[in-house]
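Below: entry-v9.cif (mmCIF, C-alpha atoms and all ligand atoms)
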```
data_run
loop_
_atom_site.label_atom_id
_atom_site.label_comp_id
_atom_site.auth_asym_id
_atom_site.auth_seq_id
_atom_site.Cartn_x
_atom_site.Cartn_y
_atom_site.Cartn_z
CA MET A 1445 76.57 78.58 98.08
CA GLU A 1446 73.86 80.70 96.51
CA LEU A 1447 72.24 83.69 98.13
CA ALA A 1448 68.93 81.86 98.57
CA ASP A 1449 70.72 79.31 100.74
CA LEU A 1450 71.73 81.97 103.25
CA ARG A 1451 68.64 82.18 105.42
CA THR A 1452 69.88 83.52 108.74
CA LEU A 1453 72.12 86.40 109.80
CA SER A 1454 74.69 84.01 111.23
CA MET A 1455 74.79 82.11 107.94
CA PHE A 1456 75.71 85.38 106.18
CA GLU A 1457 78.49 86.06 108.67
CA THR A 1458 79.87 82.52 108.48
CA HIS A 1459 79.76 82.46 104.70
CA ALA A 1460 81.40 85.91 104.42
CA GLN A 1461 84.23 84.69 106.62
CA ALA A 1462 84.61 81.58 104.47
CA ILE A 1463 84.84 83.43 101.16
CA LEU A 1464 86.78 86.56 102.13
CA PRO A 1465 90.58 86.54 102.26
CA PRO A 1466 91.65 86.38 105.95
CA ASP A 1467 93.16 89.89 105.93
CA VAL A 1468 89.97 91.40 104.53
CA TRP A 1469 87.86 89.57 107.11
CA ALA A 1470 90.17 90.73 109.89
CA PHE A 1471 90.05 94.34 108.68
CA ALA A 1472 86.26 94.38 108.96
CA TYR A 1473 85.62 92.06 111.89
CA GLY A 1474 88.22 93.39 114.29
CA GLY A 1475 88.30 96.29 116.69
CA SER A 1476 91.09 98.43 118.09
CA SER A 1477 93.92 96.99 120.22
CA SER A 1478 92.50 94.79 123.02
CA GLU A 1479 89.02 94.91 121.41
CA ALA A 1480 87.48 95.80 124.78
CA THR A 1481 85.19 98.40 123.19
CA LEU A 1482 84.19 95.94 120.47
CA GLU A 1483 83.18 93.33 123.05
CA ARG A 1484 81.63 95.85 125.42
CA ASN A 1485 79.22 96.95 122.69
CA ARG A 1486 77.81 93.42 122.52
CA HIS A 1487 77.87 92.78 126.27
CA ALA A 1488 76.05 96.02 127.01
CA LEU A 1489 73.29 95.09 124.57
CA GLN A 1490 73.04 91.62 126.10
CA HIS A 1491 72.55 93.24 129.52
CA LEU A 1492 69.30 94.70 128.26
CA ALA A 1493 66.19 92.57 127.90
CA ILE A 1494 62.89 93.44 126.27
CA GLU A 1495 59.71 93.30 128.33
CA GLN A 1496 57.08 90.99 126.86
CA ARG A 1497 53.44 92.12 126.79
CA VAL A 1498 50.71 89.90 125.34
CA LEU A 1499 47.18 90.20 123.93
CA MET A 1500 47.86 93.68 122.55
CA ASN A 1501 46.47 93.20 118.99
CA VAL A 1502 49.72 93.58 117.13
CA ARG A 1503 48.47 92.62 113.67
CA ASN A 1504 49.65 95.89 112.14
CA VAL A 1505 53.13 97.12 112.93
CA ASP A 1506 54.36 100.56 111.88
CA THR A 1507 58.13 100.76 111.46
CA THR A 1508 58.28 104.16 109.79
CA ALA A 1509 60.81 106.66 111.07
CA GLN A 1510 60.94 110.42 110.78
CA PHE A 1511 64.46 111.74 110.33
CA LEU A 1512 64.78 115.46 109.61
CA ASP A 1513 62.29 115.95 106.75
CA LEU A 1514 62.60 112.36 105.53
CA THR A 1515 59.99 109.70 106.24
CA LEU A 1516 61.70 106.32 106.04
CA ALA A 1517 59.90 102.97 105.85
CA SER A 1518 62.45 101.55 108.29
CA PRO A 1519 64.58 103.02 111.11
CA LEU A 1520 67.42 100.63 110.19
CA ILE A 1521 70.13 102.23 108.08
CA VAL A 1522 73.57 101.30 106.81
CA ALA A 1523 76.60 102.96 108.44
CA PRO A 1524 79.41 104.38 106.30
CA MET A 1525 82.26 101.98 105.64
CA GLY A 1526 85.45 102.54 103.70
CA GLY A 1527 87.31 99.88 101.72
CA MET A 1528 84.14 98.40 100.19
CA TYR A 1529 86.03 97.46 97.03
CA ARG A 1530 87.69 94.72 99.13
CA PHE A 1531 84.31 93.06 99.72
CA HIS A 1532 82.76 93.38 96.27
CA PRO A 1533 84.11 94.59 92.92
CA ASP A 1534 81.42 97.30 92.81
CA GLY A 1535 81.61 97.94 96.56
CA ASP A 1536 80.12 101.34 97.45
CA VAL A 1537 77.80 101.34 94.44
CA GLU A 1538 76.33 97.92 95.30
CA MET A 1539 76.06 98.81 98.97
CA ALA A 1540 74.06 101.97 98.19
CA ARG A 1541 71.92 100.08 95.67
CA GLY A 1542 71.03 97.29 98.11
CA ALA A 1543 70.65 99.46 101.20
CA THR A 1544 68.30 101.99 99.66
CA ARG A 1545 66.01 99.20 98.41
CA SER A 1546 65.32 98.18 102.01
CA GLY A 1547 63.32 101.28 102.92
CA GLY A 1548 66.01 102.73 105.16
CA MET A 1549 68.86 105.00 104.24
CA SER A 1550 72.49 104.41 103.36
CA VAL A 1551 75.43 106.49 104.47
CA VAL A 1552 78.34 106.71 102.06
CA SER A 1553 81.85 106.75 103.47
CA GLY A 1554 84.08 109.79 103.03
CA VAL A 1555 86.68 107.42 101.63
CA ALA A 1556 84.32 105.70 99.18
CA GLY A 1557 86.10 104.28 96.18
CA TRP A 1558 83.64 105.47 93.53
CA PRO A 1559 82.63 108.99 92.42
CA LEU A 1560 79.80 110.22 94.65
CA GLU A 1561 77.69 111.05 91.62
CA GLU A 1562 77.91 107.40 90.47
CA ILE A 1563 76.87 106.12 93.90
CA GLY A 1564 74.01 108.64 93.96
CA THR A 1565 72.73 107.38 90.62
CA ALA A 1566 72.68 103.75 91.81
CA ALA A 1567 70.58 104.53 94.89
CA SER A 1568 66.80 104.28 94.85
CA GLY A 1569 66.32 105.97 98.23
CA PRO A 1570 67.95 108.64 100.39
CA LEU A 1571 71.70 108.78 100.90
CA MET A 1572 73.76 110.60 103.51
CA PHE A 1573 77.44 111.45 103.11
CA GLN A 1574 80.04 110.92 105.83
CA LEU A 1575 82.99 113.29 105.81
CA TYR A 1576 86.50 112.57 107.03
CA TRP A 1577 88.48 115.79 107.32
CA LEU A 1578 91.56 114.74 105.35
CA GLY A 1579 92.93 118.02 104.07
CA ASP A 1580 92.68 121.76 104.44
CA ARG A 1581 89.45 123.74 104.22
CA ASP A 1582 89.76 124.03 100.42
CA TRP A 1583 89.97 120.23 100.22
CA VAL A 1584 86.84 119.86 102.36
CA ALA A 1585 84.92 122.54 100.40
CA GLU A 1586 85.73 120.81 97.11
CA LYS A 1587 84.65 117.43 98.48
CA LEU A 1588 81.34 118.86 99.63
CA GLN A 1589 80.56 120.15 96.14
CA HIS A 1590 80.39 116.52 95.03
CA VAL A 1591 78.01 115.77 97.91
CA VAL A 1592 75.59 118.33 96.53
CA ALA A 1593 76.04 117.06 92.95
CA GLY A 1594 75.43 113.48 94.12
CA GLY A 1595 71.97 114.39 95.47
CA PHE A 1596 72.79 113.50 99.10
CA LYS A 1597 70.14 114.44 101.69
CA ALA A 1598 72.45 115.15 104.64
CA PHE A 1599 76.07 114.89 105.70
CA CYS A 1600 77.93 114.10 108.89
CA LEU A 1601 81.48 114.72 110.03
CA THR A 1602 83.14 111.79 111.81
CA VAL A 1603 84.80 113.13 114.94
CA ASP A 1604 86.08 110.00 116.72
CA THR A 1605 89.20 109.74 114.55
CA ALA A 1606 91.61 112.26 116.12
CA ALA A 1607 94.11 109.42 115.75
CA TYR A 1608 93.97 106.28 113.63
CA SER A 1609 93.73 103.43 116.11
CA ARG A 1610 95.91 100.35 116.16
CA ARG A 1611 93.81 97.43 115.00
CA ASP A 1612 95.79 94.38 115.94
CA ARG A 1613 94.06 91.84 113.73
CA ASP A 1614 94.42 94.12 110.76
CA ILE A 1615 98.08 94.90 111.52
CA MET A 1616 98.96 91.22 111.90
CA LEU A 1617 97.46 90.14 108.58
CA ARG A 1618 97.70 93.22 106.38
CA THR A 1619 99.46 92.76 103.08
CA PRO A 1620 100.38 95.69 100.87
CA GLY A 1621 97.46 95.98 98.51
CA GLN A 1622 96.18 98.33 95.92
CA ARG A 1623 94.14 101.26 97.17
CA ARG A 1624 91.06 102.54 95.48
CA GLY A 1625 89.56 105.92 96.15
CA GLY A 1626 89.56 109.58 95.34
CA PRO A 1627 92.68 111.75 95.25
CA VAL A 1628 94.76 111.25 98.38
CA PRO A 1629 95.64 114.50 100.18
CA ALA A 1630 99.27 115.49 100.55
CA PRO A 1631 101.03 113.70 103.46
CA GLU A 1632 101.31 116.89 105.55
CA LEU A 1633 97.51 117.28 105.42
CA ARG A 1634 96.58 113.73 106.35
CA ASP A 1635 96.84 114.28 110.11
CA THR A 1636 94.44 117.22 110.08
CA GLN A 1637 91.82 115.31 112.06
CA SER A 1638 93.87 115.55 115.28
CA GLY A 1639 93.76 119.35 115.07
CA LEU A 1640 90.00 119.69 114.64
CA SER A 1641 88.00 121.81 117.07
CA TRP A 1642 84.49 123.22 117.42
CA ASP A 1643 85.54 126.17 115.19
CA ASP A 1644 85.86 123.70 112.33
CA VAL A 1645 82.36 122.41 113.08
CA ASP A 1646 81.04 125.98 112.81
CA TRP A 1647 82.83 126.45 109.52
CA VAL A 1648 81.86 123.15 107.87
CA ARG A 1649 78.17 123.53 108.61
CA THR A 1650 78.12 126.78 106.61
CA GLN A 1651 79.59 125.13 103.53
CA ILE A 1652 76.53 123.48 102.02
CA PRO A 1653 72.84 123.93 102.72
CA LEU A 1654 72.26 120.33 103.84
CA PRO A 1655 71.36 119.01 107.29
CA PHE A 1656 74.60 118.31 109.15
CA GLY A 1657 75.51 116.10 112.12
CA LEU A 1658 78.48 114.77 114.08
CA LYS A 1659 79.28 111.04 114.12
CA GLY A 1660 81.16 109.74 117.14
CA ILE A 1661 79.48 111.56 120.06
CA LEU A 1662 79.59 109.52 123.27
CA THR A 1663 78.93 111.92 126.15
CA ALA A 1664 76.15 114.23 127.23
CA ALA A 1665 78.69 117.07 127.43
CA ASP A 1666 79.65 116.73 123.76
CA ALA A 1667 76.01 116.30 122.74
CA ARG A 1668 75.16 119.63 124.44
CA LEU A 1669 78.12 121.32 122.74
CA ALA A 1670 77.07 119.89 119.38
CA ILE A 1671 73.63 121.40 119.78
CA GLN A 1672 75.10 124.74 120.81
CA HIS A 1673 77.11 124.61 117.59
CA GLY A 1674 73.95 124.13 115.58
CA VAL A 1675 74.06 120.50 114.45
CA ASP A 1676 70.89 119.05 112.95
CA PHE A 1677 71.48 115.56 114.34
CA ILE A 1678 73.78 113.57 116.60
CA TRP A 1679 75.29 110.19 115.82
CA VAL A 1680 76.20 108.16 118.90
CA SER A 1681 79.02 105.86 117.82
CA ASN A 1682 82.33 104.38 118.89
CA HIS A 1683 83.10 103.40 115.29
CA GLY A 1684 82.04 99.82 115.93
CA GLY A 1685 84.77 99.44 118.59
CA ARG A 1686 87.41 100.40 116.03
CA GLN A 1687 88.73 103.63 117.53
CA LEU A 1688 89.13 104.32 121.30
CA ASP A 1689 90.11 101.04 122.96
CA ASP A 1690 88.55 100.44 126.38
CA GLY A 1691 85.79 102.92 125.67
CA ARG A 1692 82.11 102.78 126.59
CA ALA A 1693 79.44 100.86 124.77
CA THR A 1694 77.17 103.13 122.75
CA ILE A 1695 73.97 101.65 124.20
CA ASP A 1696 75.29 102.57 127.68
CA ALA A 1697 75.95 106.17 126.60
CA LEU A 1698 72.66 106.56 124.74
CA SER A 1699 70.31 107.32 127.64
CA GLU A 1700 72.37 110.20 129.05
CA ILE A 1701 72.71 111.69 125.58
CA VAL A 1702 68.98 111.38 124.95
CA GLU A 1703 68.39 113.18 128.24
CA ALA A 1704 70.82 115.97 127.33
CA VAL A 1705 69.37 116.40 123.84
CA GLN A 1706 65.77 116.66 125.12
CA GLY A 1707 64.31 115.87 121.70
CA ARG A 1708 65.86 118.94 120.05
CA VAL A 1709 67.56 116.92 117.30
CA PRO A 1710 67.26 113.31 116.10
CA ILE A 1711 69.79 110.75 117.28
CA ILE A 1712 71.38 107.93 115.29
CA VAL A 1713 73.14 105.15 117.16
CA ASP A 1714 75.41 102.33 116.00
CA SER A 1715 78.18 99.95 117.13
CA GLY A 1716 77.61 96.32 118.00
CA PHE A 1717 74.08 96.07 116.59
CA ARG A 1718 73.68 92.61 115.07
CA ARG A 1719 70.00 91.64 115.42
CA GLY A 1720 66.64 93.33 114.88
CA THR A 1721 65.92 93.13 118.61
CA ASP A 1722 69.04 95.23 119.27
CA ALA A 1723 67.32 98.02 117.37
CA ILE A 1724 64.21 97.70 119.57
CA LYS A 1725 66.41 98.43 122.58
CA ALA A 1726 67.98 101.51 121.00
CA LEU A 1727 64.69 102.89 119.69
CA ALA A 1728 63.05 102.39 123.07
CA LEU A 1729 65.92 104.24 124.75
CA GLY A 1730 65.41 107.22 122.45
CA ALA A 1731 67.29 106.70 119.18
CA THR A 1732 65.58 107.82 115.98
CA LEU A 1733 67.59 105.56 113.65
CA VAL A 1734 69.83 102.56 114.22
CA ALA A 1735 72.82 102.04 111.93
CA TYR A 1736 74.36 98.68 111.11
CA GLY A 1737 77.89 98.31 109.76
CA ARG A 1738 79.31 94.82 109.69
CA ALA A 1739 75.98 92.99 109.30
CA PRO A 1740 75.13 94.49 105.87
CA LEU A 1741 78.82 94.27 104.97
CA TRP A 1742 78.61 90.47 105.23
CA GLY A 1743 75.61 90.71 102.89
CA LEU A 1744 77.65 92.73 100.41
CA ALA A 1745 80.45 90.16 100.48
CA CYS A 1746 78.02 87.26 99.96
CA GLY A 1747 75.90 88.71 97.20
CA GLY A 1748 76.40 92.40 96.36
CA ALA A 1749 73.28 94.59 96.47
CA ASP A 1750 71.01 91.53 96.75
CA GLY A 1751 73.01 90.27 99.71
CA VAL A 1752 72.78 93.66 101.44
CA LEU A 1753 69.05 93.71 100.84
CA SER A 1754 68.65 90.15 102.17
CA VAL A 1755 70.46 91.02 105.42
CA LEU A 1756 68.43 94.20 105.89
CA ARG A 1757 65.23 92.24 105.28
CA LEU A 1758 66.22 89.73 107.95
CA LEU A 1759 66.97 92.56 110.38
CA ASN A 1760 63.69 94.29 109.58
CA ASP A 1761 61.80 90.99 109.95
CA GLU A 1762 63.38 90.53 113.36
CA LEU A 1763 62.41 94.08 114.30
CA VAL A 1764 58.78 93.45 113.38
CA ILE A 1765 58.62 89.99 114.98
CA GLY A 1766 60.31 91.31 118.13
CA MET A 1767 57.87 94.21 118.36
CA LYS A 1768 54.88 91.89 117.92
CA LEU A 1769 56.11 89.45 120.53
CA ALA A 1770 56.77 92.34 122.90
CA GLY A 1771 53.23 93.63 122.29
CA ARG A 1772 54.23 96.90 120.55
CA THR A 1773 53.04 98.27 117.23
CA VAL A 1774 54.73 101.63 116.54
CA ALA A 1775 58.52 101.65 116.30
CA ARG A 1776 58.89 105.41 116.79
CA SER A 1777 56.78 105.30 119.99
CA LEU A 1778 58.72 102.62 121.86
CA GLN A 1779 59.44 103.70 125.42
CA ALA A 1780 62.39 103.09 127.75
CA ASP A 1781 60.23 101.31 130.33
CA MET A 1782 60.03 98.25 128.03
CA ILE A 1783 63.78 97.67 128.49
CA ARG A 1784 65.05 95.93 131.63
CA ARG A 1785 68.64 95.62 132.80
CA VAL A 1786 69.42 91.95 133.43
CA ASP A 1787 72.19 89.70 134.62
CA VAL A 1788 73.89 88.05 131.64
CA SER A 1789 75.48 85.10 133.38
CA GLY A 1790 74.39 82.04 131.47
CA PHE A 1791 73.80 84.02 128.27
CA ALA A 1792 73.87 81.60 125.38
CA GLY A 1793 76.13 83.70 123.14
CA PRO A 1794 75.78 84.03 119.39
CA ALA A 1795 73.30 81.86 117.52
CA PRO A 1796 74.85 78.54 116.52
CA VAL A 1797 75.49 77.86 112.89
CA THR A 1798 74.58 74.37 111.80
CA GLN A 1799 77.13 72.80 109.49
CA LEU A 1800 75.13 70.82 106.97
CA SER A 1801 76.39 67.80 105.07
CA PRO A 1802 76.16 68.09 101.26
CA ALA A 1803 73.13 65.73 101.30
CA GLN A 1804 71.35 67.82 103.93
CA GLN A 1805 72.14 70.99 101.99
CA GLU A 1806 70.53 69.43 98.92
CA VAL A 1807 67.31 68.63 100.80
CA VAL A 1808 67.17 72.11 102.37
CA ARG A 1809 67.69 73.70 98.96
CA ALA A 1810 64.88 71.66 97.41
CA VAL A 1811 62.47 72.46 100.24
CA THR A 1812 63.18 76.19 100.34
CA ARG A 1813 62.76 76.57 96.60
CA ASP A 1814 59.50 74.65 96.34
CA PRO A 1815 56.94 77.32 95.41
CA ALA A 1816 54.06 75.04 96.47
CA LEU A 1817 55.13 75.08 100.14
CA SER A 1818 54.14 77.74 102.67
CA GLU A 1819 56.81 79.29 104.90
CA VAL A 1820 55.72 77.09 107.80
CA GLU A 1821 55.81 73.95 105.65
CA LYS A 1822 59.30 74.90 104.48
CA MET A 1823 60.43 75.33 108.06
CA TRP A 1824 59.15 71.89 109.03
CA GLY A 1825 60.52 70.36 105.85
CA ILE A 1826 63.96 71.64 106.83
CA THR A 1827 63.60 70.45 110.42
CA GLU A 1828 62.69 66.96 109.25
CA ALA A 1829 65.54 66.94 106.75
CA LEU A 1830 68.01 67.80 109.49
CA PHE A 1831 66.69 65.85 112.45
CA GLY A 1832 64.89 62.97 110.76
CA ALA A 1833 61.31 62.29 109.78
CA ASP A 1834 60.53 61.11 113.30
CA VAL A 1835 59.91 64.66 114.48
CA GLN A 1836 56.50 64.20 116.00
CA GLN A 1837 53.64 66.50 115.31
CA GLY A 1838 53.31 67.02 119.06
CA GLU A 1839 56.86 68.28 119.33
CA ARG A 1840 56.18 71.09 116.92
CA ARG A 1841 56.10 74.12 119.13
C1 LIG B 1 85.03 97.86 107.46
C2 LIG B 1 84.58 99.12 108.15
C3 LIG B 1 84.89 100.36 107.61
C4 LIG B 1 84.46 101.53 108.24
N1 LIG B 1 84.70 102.74 107.63
C5 LIG B 1 84.17 103.88 108.17
C6 LIG B 1 84.28 105.11 107.47
O1 LIG B 1 84.81 105.19 106.37
N2 LIG B 1 83.75 106.21 108.08
C7 LIG B 1 83.13 106.16 109.31
O2 LIG B 1 82.67 107.19 109.81
N3 LIG B 1 82.98 104.98 109.96
C8 LIG B 1 83.46 103.85 109.41
N4 LIG B 1 83.27 102.66 110.03
C9 LIG B 1 82.44 102.61 111.26
C10 LIG B 1 80.97 102.45 110.87
O3 LIG B 1 80.46 103.60 110.24
C11 LIG B 1 80.08 102.17 112.09
O4 LIG B 1 80.26 103.21 113.03
C12 LIG B 1 80.35 100.81 112.73
O5 LIG B 1 80.71 99.84 111.77
C13 LIG B 1 79.10 100.33 113.46
O6 LIG B 1 79.37 99.18 114.18
P1 LIG B 1 78.97 97.69 113.70
O7 LIG B 1 79.91 97.35 112.57
O8 LIG B 1 79.24 96.91 114.92
O9 LIG B 1 77.54 97.70 113.25
C14 LIG B 1 83.72 101.47 109.43
C15 LIG B 1 83.40 100.21 109.98
C16 LIG B 1 83.82 99.05 109.34
C17 LIG B 1 83.43 97.72 109.93
#
```
As structure tokens, how would this structure be written, given the file I've shared?
Amino acid sequence: MELADLRTLSMFETHAQAILPPDVWAFAYGGSSSEATLERNRHALQHLAIEQRVLMNVRNVDTTAQFLDLTLASPLIVAPMGGMYRFHPDGDVEMARGATRSGGMSVVSGVAGWPLEEIGTAASGPLMFQLYWLGDRDWVAEKLQHVVAGGFKAFCLTVDTAAYSRRDRDIMLRTPGQRRGGPVPAPELRDTQSGLSWDDVDWVRTQIPLPFGLKGILTAADARLAIQHGVDFIWVSNHGGRQLDDGRATIDALSEIVEAVQGRVPIIVDSGFRRGTDAIKALALGATLVAYGRAPLWGLACGGADGVLSVLRLLNDELVIGMKLAGRTVARSLQADMIRRVDVSGFAGPAPVTQLSPAQQEVVRAVTRDPALSEVEKMWGITEALFGADVQQGERR
């Protein structure tokens, strides 16, 4: 299947699953142990509905976001992910290339498999670096020199990894494979993350003159401490449900953190965000930026940088369409009162993926590639191809 044939977010996910080896899919898709946190992230988002206002003249929508001294065209960014070489031969480089073309920002994993300078050169927009503390202070200081050389705009320390979780899907399917990445620290230094404390935060923020934040904050108490220790931003995350099992959903923790932070520093949130409307909820509740992990990863697997860009475009389209249909025009001014807590019984679940026969796929391909057709004509061409030419004009709504 070619990239142009993947027209919805669920098609990207389904196709990624089909083409990736099962162990690679499991590594990315799964969460820790019982996967309660993974599921809770989605359920908590589904418990929130967006209020619909009409007749608000929403012709022009402004999605720009202000993060530190960066003005981004979009508040949707890509979260750091290790092991990208398993999803594309040029993993981290392609991810940075595709993500920075979308108008947002990309965050490069501390265990990226390519030299940071090479990733920096591929990017056409701002990059942040994510640090895992995997050695002694000399090891960290040396790593951060490369962050400066790579032209990164900010860096964050991931703090929700005091232990490496047990990820059952990954454990069941893992096969010994080759590892790609920078020099691995000596075994006695690998467990240094469990010994980290706020003193280390104080030390690391003095190491390079870049804005610095903590990724993995989930309580108001830790957000207050982070600010006392001088962070420039806070990243609300539970690692996409991959670390603490049976933890809270990030969208549930967001409001109390926003209240504790009182606008003093910007807030990034991630974990469980799959659609553009999910971002509307987070922005309205006070996030500055919303990070997506697995969604752009499926794009990378399906089509490298172009696949990442396609997924981010779909997410940004959904953000804009959702804002228009909710009667809002400025993404950075969305307010919490547009979000309502609702009962989710009867929720339809994920969008269905239509399995097309080869003949139907052929018709869809021809229609979508016909330059003479408008987007609406293409849509109806596809509908007729799938459900028959007897779709009546009057049913088109
Ligand atoms: C395959 C994979 C690898 C990840 N690697 C890292 C990493 O190297 N550093 C990090 O801070 N977070 C890592 N994460 C967590 C993401 O940065 C992010 O918090 C999470 O994926 C967001 O949730 P979502 O995937 O539901 O969007 C990883 C996530 C995935 C799916």
Spatial neighbours of stretch 1727-1738 of chain A, 9 Å, only C-alpha atoms, chain gap at least 4 places, as a VMD selection string: chain A and resid 1457 1472 to 1473 1509 to 1511 1518 to 1525 1550 1684 1695 1698 to 1699 1702 to 1703 1707 1710 to 1718 1722 to 1723 1742 to 1743 1775 to 1783
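Considering the residues A:Leu1758, A:Val1555, A:Leu1658, A:Val1811 and counting all atoms listed in the file, ligand LIG 1 (chain B) has its shortest atom-to-atom contact with A:Val1555.
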Atom CA of A:Gly1535 to atom CA of A:Pro1465, distance in Å rounded to a single decimal: 15.6 Å
Just want the 7 Å neighbourhood of A:Arg1785, counted on all atoms listed in the file, with same-chain residues fewer than 3 positions away dropped. Output as a PDB file with C-alpha atoms, in the coordinates of the input.
```pdb
ATOM      1  CA  HIS A1491      72.550  93.240 129.520  1.00  0.00           C
ATOM      2  CA  LEU A1492      69.300  94.700 128.260  1.00  0.00           C
ATOM      3  CA  ALA A1493      66.190  92.570 127.900  1.00  0.00           C
TER       4      ALA A1493
END
```
Computed interatomic separation between atom CA of A:Asp1666 and atom CA of A:Leu1489 (Å): 22.6 Å
For atom CA of A:Trp1583 and atom CA of A:Thr1636, the interatomic separation in Å (one decimal):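 It comes out at 11.2 Å.
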Do you know which residues are at most 10 Å from A:Thr1565 counting all atoms listed in the file, after dropping those on the same chain fewer than 5 positions away, and could you put them as a JSON list (two decimals) with C-alpha atoms, keeping the file's coordinate frame?
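Ended up saving to selection-v5.json:
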```json
[["chain", "number", "residue", "atom", "x", "y", "z"],
["A", 1537, "VAL", "CA", 77.80, 101.34, 94.44],
["A", 1540, "ALA", "CA", 74.06, 101.97, 98.19],
["A", 1541, "ARG", "CA", 71.92, 100.08, 95.67],
["A", 1560, "LEU", "CA", 79.80, 110.22, 94.65],
["A", 1594, "GLY", "CA", 75.43, 113.48, 94.12],
["A", 1595, "GLY", "CA", 71.97, 114.39, 95.47]]
```
A:Ala1726, A:Leu1601, A:Met1455, A:Ala1770 ranked by distance to ligand LIG 1 (chain B), top pick (using all atoms listed in the file):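 Among the listed residues, A:Leu1601 lies closest to ligand LIG 1 (chain B).
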